[in-house]
Each structure stands twice: as C-alpha cells, then as structure tokens.
$ cat target.cif   # mmCIF, C-alpha atoms
data_my_file
loop_
_atom_site.label_atom_id
_atom_site.label_comp_id
_atom_site.auth_asym_id
_atom_site.auth_seq_id
_atom_site.Cartn_x
_atom_site.Cartn_y
_atom_site.Cartn_z
CA MET G 20 -17.86 -30.76 -4.00
CA GLU G 21 -14.50 -28.99 -4.11
CA ASP G 22 -12.10 -29.67 -1.25
CA TYR G 23 -10.46 -26.24 -1.29
CA LYS G 24 -11.53 -22.63 -0.79
CA PHE G 25 -9.29 -20.83 -3.29
CA LEU G 26 -7.13 -21.80 -6.24
CA PHE G 27 -4.15 -19.57 -7.03
CA LYS G 28 -1.71 -19.64 -9.92
CA VAL G 29 1.92 -18.88 -9.03
CA VAL G 30 4.42 -18.62 -11.90
CA LEU G 31 8.19 -18.87 -11.44
CA VAL G 32 10.41 -17.09 -13.96
CA GLY G 33 14.12 -16.40 -14.32
CA ASN G 34 17.22 -17.59 -16.13
CA ALA G 35 17.91 -21.27 -16.70
CA GLY G 36 19.77 -22.89 -13.84
CA VAL G 37 18.71 -20.55 -11.03
CA GLY G 38 16.78 -23.31 -9.25
CA LYS G 39 13.14 -22.68 -10.11
CA THR G 40 12.36 -26.38 -10.51
CA CYS G 41 14.25 -27.24 -7.34
CA LEU G 42 12.22 -24.68 -5.36
CA VAL G 43 8.97 -26.17 -6.65
CA ARG G 44 10.07 -29.75 -6.04
CA ARG G 45 11.34 -28.95 -2.56
CA PHE G 46 8.04 -27.33 -1.61
CA THR G 47 5.68 -29.82 -3.21
CA GLN G 48 7.60 -33.06 -2.70
CA GLY G 49 10.06 -32.27 0.08
CA LEU G 50 13.05 -33.29 -2.00
CA PHE G 51 15.99 -31.71 -3.77
CA PRO G 52 16.43 -33.26 -7.23
CA GLN G 53 20.10 -33.93 -7.87
CA GLY G 54 21.27 -33.33 -11.43
CA GLN G 55 18.02 -31.61 -12.39
CA GLY G 56 17.84 -31.00 -16.15
CA ALA G 57 16.51 -27.86 -17.77
CA THR G 58 12.75 -27.43 -17.90
CA ILE G 59 11.30 -27.84 -21.38
CA GLY G 60 8.63 -25.21 -22.00
CA VAL G 61 6.41 -25.14 -18.90
CA ASP G 62 5.80 -27.65 -16.13
CA PHE G 63 3.52 -27.40 -13.14
CA MET G 64 2.81 -29.03 -9.82
CA ILE G 65 -0.01 -28.59 -7.33
CA LYS G 66 0.11 -28.37 -3.57
CA THR G 67 -2.71 -27.75 -1.13
CA VAL G 68 -1.87 -25.70 1.96
CA GLU G 69 -3.88 -24.48 4.91
CA VAL G 70 -4.36 -20.78 5.61
CA ASP G 71 -6.55 -19.73 8.54
CA LYS G 72 -8.00 -23.24 8.71
CA GLU G 73 -9.02 -23.15 5.05
CA ARG G 74 -7.56 -25.31 2.29
CA ILE G 75 -5.84 -23.37 -0.46
CA LYS G 76 -4.69 -24.98 -3.70
CA LEU G 77 -1.57 -23.57 -5.32
CA GLN G 78 -0.77 -24.23 -8.96
CA LEU G 79 2.98 -23.73 -9.28
CA TRP G 80 4.02 -23.10 -12.87
CA ASP G 81 7.71 -23.69 -13.51
CA THR G 82 8.77 -21.95 -16.71
CA ALA G 83 11.84 -22.60 -18.86
CA GLY G 84 14.53 -19.93 -18.71
CA GLN G 85 15.89 -20.46 -22.21
CA GLU G 86 15.14 -17.84 -24.82
CA ARG G 87 13.76 -20.36 -27.31
CA PHE G 88 10.84 -21.15 -25.00
CA ARG G 89 10.00 -17.53 -24.22
CA SER G 90 7.00 -17.29 -26.55
CA ILE G 91 5.48 -20.30 -24.79
CA THR G 92 6.11 -19.15 -21.23
CA GLN G 93 4.87 -15.60 -21.81
CA SER G 94 1.33 -16.87 -22.33
CA TYR G 95 1.22 -18.03 -18.71
CA TYR G 96 1.94 -14.61 -17.22
CA ARG G 97 -1.39 -12.87 -17.68
CA SER G 98 -3.53 -15.16 -15.52
CA ALA G 99 -0.94 -15.42 -12.74
CA HIS G 100 -1.92 -14.35 -9.25
CA ALA G 101 1.76 -14.13 -8.24
CA LEU G 102 5.07 -14.09 -10.12
CA ILE G 103 8.28 -15.24 -8.47
CA LEU G 104 11.38 -13.90 -10.21
CA VAL G 105 14.38 -16.05 -9.27
CA TYR G 106 18.11 -15.43 -9.61
CA ASP G 107 21.17 -17.34 -8.39
CA ILE G 108 23.07 -15.45 -5.68
CA SER G 109 26.30 -17.10 -6.89
CA CYS G 110 25.89 -16.12 -10.56
CA GLN G 111 26.06 -12.43 -11.45
CA PRO G 112 24.65 -12.84 -15.01
CA THR G 113 21.37 -14.21 -13.62
CA PHE G 114 21.02 -11.01 -11.59
CA ASP G 115 22.03 -8.79 -14.50
CA CYS G 116 19.16 -10.23 -16.56
CA LEU G 117 16.50 -9.19 -14.02
CA PRO G 118 15.60 -5.94 -15.84
CA ASP G 119 14.86 -7.95 -18.99
CA TRP G 120 12.56 -10.26 -17.04
CA LEU G 121 10.80 -7.29 -15.48
CA ARG G 122 10.18 -5.75 -18.89
CA GLU G 123 8.63 -9.03 -19.99
CA ILE G 124 6.49 -9.19 -16.86
CA SER G 125 5.37 -5.61 -17.41
CA GLU G 126 4.34 -6.44 -20.96
CA TYR G 127 2.52 -9.71 -20.41
CA ALA G 128 1.37 -9.88 -16.77
CA ASN G 129 -1.43 -8.10 -14.97
CA ALA G 130 -0.20 -4.72 -13.76
CA ASN G 131 -1.09 -5.49 -10.13
CA VAL G 132 0.20 -9.05 -9.97
CA LEU G 133 2.02 -9.88 -6.74
CA LYS G 134 5.75 -9.88 -7.55
CA ILE G 135 8.44 -11.49 -5.41
CA LEU G 136 12.18 -11.40 -6.05
CA VAL G 137 13.99 -14.51 -4.80
CA GLY G 138 17.74 -14.94 -4.50
CA ASN G 139 18.25 -18.70 -4.48
CA LYS G 140 21.22 -20.95 -3.55
CA THR G 141 22.20 -19.35 -0.24
CA ASP G 142 23.86 -22.66 0.63
CA ARG G 143 26.71 -21.84 -1.74
CA ASP G 144 29.90 -20.27 -0.42
CA ASP G 145 30.73 -18.41 -3.65
CA ARG G 146 28.13 -15.65 -3.36
CA GLU G 147 28.44 -12.90 -5.97
CA ILE G 148 25.34 -10.81 -5.19
CA PRO G 149 25.17 -9.43 -1.63
CA THR G 150 21.82 -9.61 0.12
CA GLU G 151 21.51 -5.82 0.29
CA ILE G 152 21.91 -5.55 -3.50
CA GLY G 153 18.96 -7.87 -4.00
CA GLU G 154 16.95 -5.95 -1.40
CA ASP G 155 17.70 -2.63 -3.09
CA PHE G 156 16.72 -3.94 -6.51
CA ALA G 157 13.45 -5.31 -5.17
CA LYS G 158 12.65 -2.03 -3.42
CA GLN G 159 13.37 0.00 -6.55
CA HIS G 160 10.96 -2.12 -8.58
CA GLY G 161 8.15 -2.51 -6.06
CA MET G 162 8.83 -6.16 -5.36
CA TYR G 163 9.13 -8.18 -2.18
CA PHE G 164 12.37 -9.95 -1.41
CA LEU G 165 13.51 -13.23 0.07
CA GLU G 166 16.63 -15.37 -0.15
CA THR G 167 16.27 -19.16 -0.24
CA SER G 168 18.12 -22.42 -0.51
CA ALA G 169 16.20 -25.16 -2.26
CA LYS G 170 19.03 -27.55 -1.39
CA GLN G 171 18.83 -26.93 2.35
CA ALA G 172 15.12 -26.05 2.34
CA ASP G 173 15.82 -22.62 3.84
CA ASN G 174 12.88 -20.21 3.48
CA VAL G 175 11.18 -22.35 0.83
CA GLU G 176 7.99 -23.09 2.77
CA ARG G 177 8.01 -19.56 4.12
CA LEU G 178 8.03 -18.19 0.58
CA PHE G 179 5.02 -20.13 -0.67
CA TYR G 180 2.95 -20.02 2.51
CA GLU G 181 3.29 -16.26 2.81
CA ILE G 182 2.32 -15.80 -0.82
CA ALA G 183 -0.72 -18.01 -0.23
CA ALA G 184 -1.67 -16.05 2.89
CA GLU G 185 -1.45 -12.71 1.08
CA LEU G 186 -3.47 -13.93 -1.89
CA VAL G 187 -6.15 -15.25 0.47
CA THR G 188 -6.30 -11.88 2.22
CA GLN G 189 -6.72 -10.05 -1.06
CA ALA G 190 -9.26 -12.53 -2.39
CA ARG G 191 -11.38 -12.12 0.72
CA LYS G 192 -11.25 -8.34 0.53
CA LYS G 193 -12.42 -8.38 -3.07
CA GLU G 194 -14.75 -11.35 -2.60
CA ILE G 195 -13.12 -13.16 -5.49
CA PRO G 196 -14.61 -16.62 -6.07
CA ARG G 197 -12.24 -19.57 -6.21
CA SER G 198 -13.02 -20.10 -9.89
CA GLU G 199 -11.48 -16.74 -10.82
CA THR G 200 -8.28 -16.99 -12.86
CA GLY G 201 -6.78 -13.67 -11.82
CA LEU G 202 -6.58 -11.20 -8.96
CA HIS G 203 -6.89 -7.72 -10.39
CA HIS G 204 -6.68 -5.49 -7.31
CA LEU G 205 -3.73 -6.64 -5.23
CA SER G 206 -2.67 -3.94 -2.79
CA SER G 207 0.78 -2.36 -2.97
CA LYS G 208 1.54 -3.35 0.63
CA PRO G 209 0.59 -6.97 1.26
CA GLN G 210 -0.36 -7.72 4.86
CA TRP G 211 2.32 -10.37 5.37
CA GLN G 212 5.01 -8.00 4.12
CA GLN G 213 3.90 -5.22 6.44
CA GLN G 214 3.77 -7.56 9.43
CA LEU G 215 7.32 -8.73 8.78
CA ASN G 216 8.48 -5.15 8.29
CA ASP G 217 6.90 -4.16 11.60
CA CYS G 218 8.48 -6.97 13.59
CA CYS G 219 11.80 -7.35 11.79
CA GLY G 220 12.44 -3.82 10.54
CA GLY G 221 12.98 -4.65 6.89
CA ALA G 222 12.03 -6.47 3.74
CA LEU G 223 11.93 -10.22 3.56
CA ASN G 224 15.44 -11.56 3.66
CA ALA G 225 17.37 -14.60 4.67
CA LYS G 226 18.94 -12.89 7.65
CA GLN G 227 15.78 -13.60 9.64
CA ALA G 228 15.90 -17.27 8.71
CA ASP G 229 18.17 -20.16 9.57
CA SER G 230 19.93 -20.15 6.23
#
$ encode --input "target.cif" --output "structure tokens"
Amino acid sequence: MEDYKFLFKVVLVGNAGVGKTCLVRRFTQGLFPQGQGATIGVDFMIKTVEVDKERIKLQLWDTAGQERFRSITQSYYRSAHALILVYDISCQPTFDCLPDWLREISEYANANVLKILVGNKTDRDDREIPTEIGEDFAKQHGMYFLETSAKQADNVERLFYEIAAELVTQARKKEIPRSETGLHHLSSKPQWQQQLNDCCGGALNAKQADS
C-alpha cells in the first residue's frame, strides 16, 4: 500500500550556475553543497511533505542549464505539474535569458502548468536585478514570484511547500488520482498566491521573509 496521497513532478529550469541543484539539495537534504559542479543532463531527488495531514511526494527534477543538454531536458517538461524557472539575482545574463526559457516552456510544457519565477542567491551583496524587476517580469508572463537563498536557506522550504499545497488543492478539485502524471486544469490564481496577496498586498517576494 502506498504511503502517500499524491505524487507531483516539479521541474527546475534555468541557466547553468543559478543554483537549481543547491535549491533541491537544500530542501531535500538540508545542506548547501559547496563547490557544486554542473548538472549533467537531468538529476532528480524525492521528498515527502505533509499538506493538510496528508503525505505528498514531490519528485524534484533538476535539469542542466547548458545548451548541449537541452534536447534531453525538454522531454521532462510535458509531464511536469510545476515548473520553477530560476535566475541568479547577481548575474544579469541569467535574467536576460528568461524569455528564451519561457519560449521553450511554452513549446514543450502543458499550457496550464504551474509556473514560478525564482530569483536565487539573495545572500550575495552584488545584486544586479532589483526585486521589483523580477516581480514585474513574473507578472507580465503570468508567473508567481519568490526570491530565495539556497546558501542561507531563505524561502526554500516556503517555495516547495506552497507549490505542494497548491497542487494538492488543484488535484482535489479535479479529483486527480495520485497515479496521474500531469495536472491539466490548474487555475490561473492559485489559492496560496491569493492568500499571500490578501495578507501581504503583493506577489511572493523575499521582502516578507527573513532573507
């Protein structure tokens, strides 16, 4: 008998070096890997979380950012329940490439996949992309926004737990069995996003966290 209620696939994409692997490792293992090398192709880790007293299994797929692996990583988009697009707040080129990643997502992922824009490395003191720029980009493209620091663990658990909670809400509404490989009717205004908007007056951002 299975020990979880739902299984969700969450795929992280973005340029090499933005911290995708570090986010996954911080969340699943509670550590920050020093000197982390580039991901080769695709890697994944699993973590079980609890949402409303039910066990939820998250498959976190960490994709390589290098162009030469793109044909491999694209095949993982279509069955994703959520896509996390990550950039480095201290590296302008990683932000400039976001439109290219969105075009790829649009081509290969389900049209209604839950999309989250994450500005990582808020621990750095050489920020190049202001928070409001990331917020504006996310709003323009119908994404939800959060800034994180994998190094300091700021907003990392918040990111994944809120994604899990929203996917559970949508799965229950559509009565999707846990064996399903895709959510096809995600709403445009996830419940967790609306709740945070109501209480905080804005999109997800690191200003409401201790980062």
$ atom_distance --input "target.cif" --atom1 "CA of Ala169 (chain G)" --atom2 "CA of Arg45 (chain G)"
6.2 Å
$ residues_around --input "target.cif" --residues "Asp107 (chain G)" --least-positions-apart "3" --cutoff "7 Å" --atoms "all atoms listed in the file" --output "list of chain:residue names"
G:Val37, G:Cys110, G:Thr113, G:Gly138, G:Asn139, G:Lys140
$ atom_distance --input "target.cif" --atom1 "CA of Val132 (chain G)" --atom2 "CA of Ala190 (chain G)"
12.6 Å
$ axis_aligned_box --input "target.cif" --around "region 76-81 of chain G" --padding-each-side "6 Å" --output "JSON"
{"center_x": 1.5, "center_y": -24.0, "center_z": -8.6, "size_x": 24.4, "size_y": 13.9, "size_z": 21.8}
$ closest_residue --input "target.cif" --among "G:Leu102, G:Ile75, G:Cys41, G:Met64" --to "Ala128 (chain G)" --atoms "all atoms listed in the file"
G:Leu102
$ residues_around --input "target.cif" --residues "Leu178 (chain G)" --least-positions-apart "4" --cutoff "10 Å" --atoms "only C-alpha atoms" --output "list in words"
Leu42, Phe46, Ile103, Ile135, Val137, Phe164, Leu165, Glu166, Thr167, Asp173, Asn174, Ile182, Ala183 and Leu223 of chain G
$ resolve_selection --input "target.cif" --expression "the PyMOL selection byres ((chain G and resi 152) around 12)" --output "list in words"
Ile108, Gln111, Phe114, Asp115, Leu136, Gly138, Arg146, Glu147, Ile148, Pro149, Thr150, Glu151, Gly153, Glu154, Asp155, Phe156, Ala157, Lys158, Gln159, Phe164, Leu165, Glu166 and Asn224 of chain G
$ atom_distance --input "target.cif" --atom1 "CA of Glu181 (chain G)" --atom2 "CA of Arg143 (chain G)"
24.5 Å
$ closest_residue --input "target.cif" --among "G:Pro112, G:Ile65, G:Val29, G:Tyr95" --to "Lys134 (chain G)" --atoms "only C-alpha atoms"
G:Val29
$ residues_near_point --input "target.cif" --point "(-7.9, -20.6, 4.4)" --cutoff "10 Å" --atoms "all atoms listed in the file" --output "list in words"
Tyr23, Lys24, Phe25, Val68, Glu69, Val70, Asp71, Lys72, Glu73, Arg74, Ile75, Lys76, Ala183, Ala184, Val187, Thr188 and Arg191 of chain G
$ closest_residue --input "target.cif" --among "G:Asp144, G:Asp81, G:Glu185, G:Glu126" --to "Leu104 (chain G)" --atoms "all atoms listed in the file"
G:Asp81
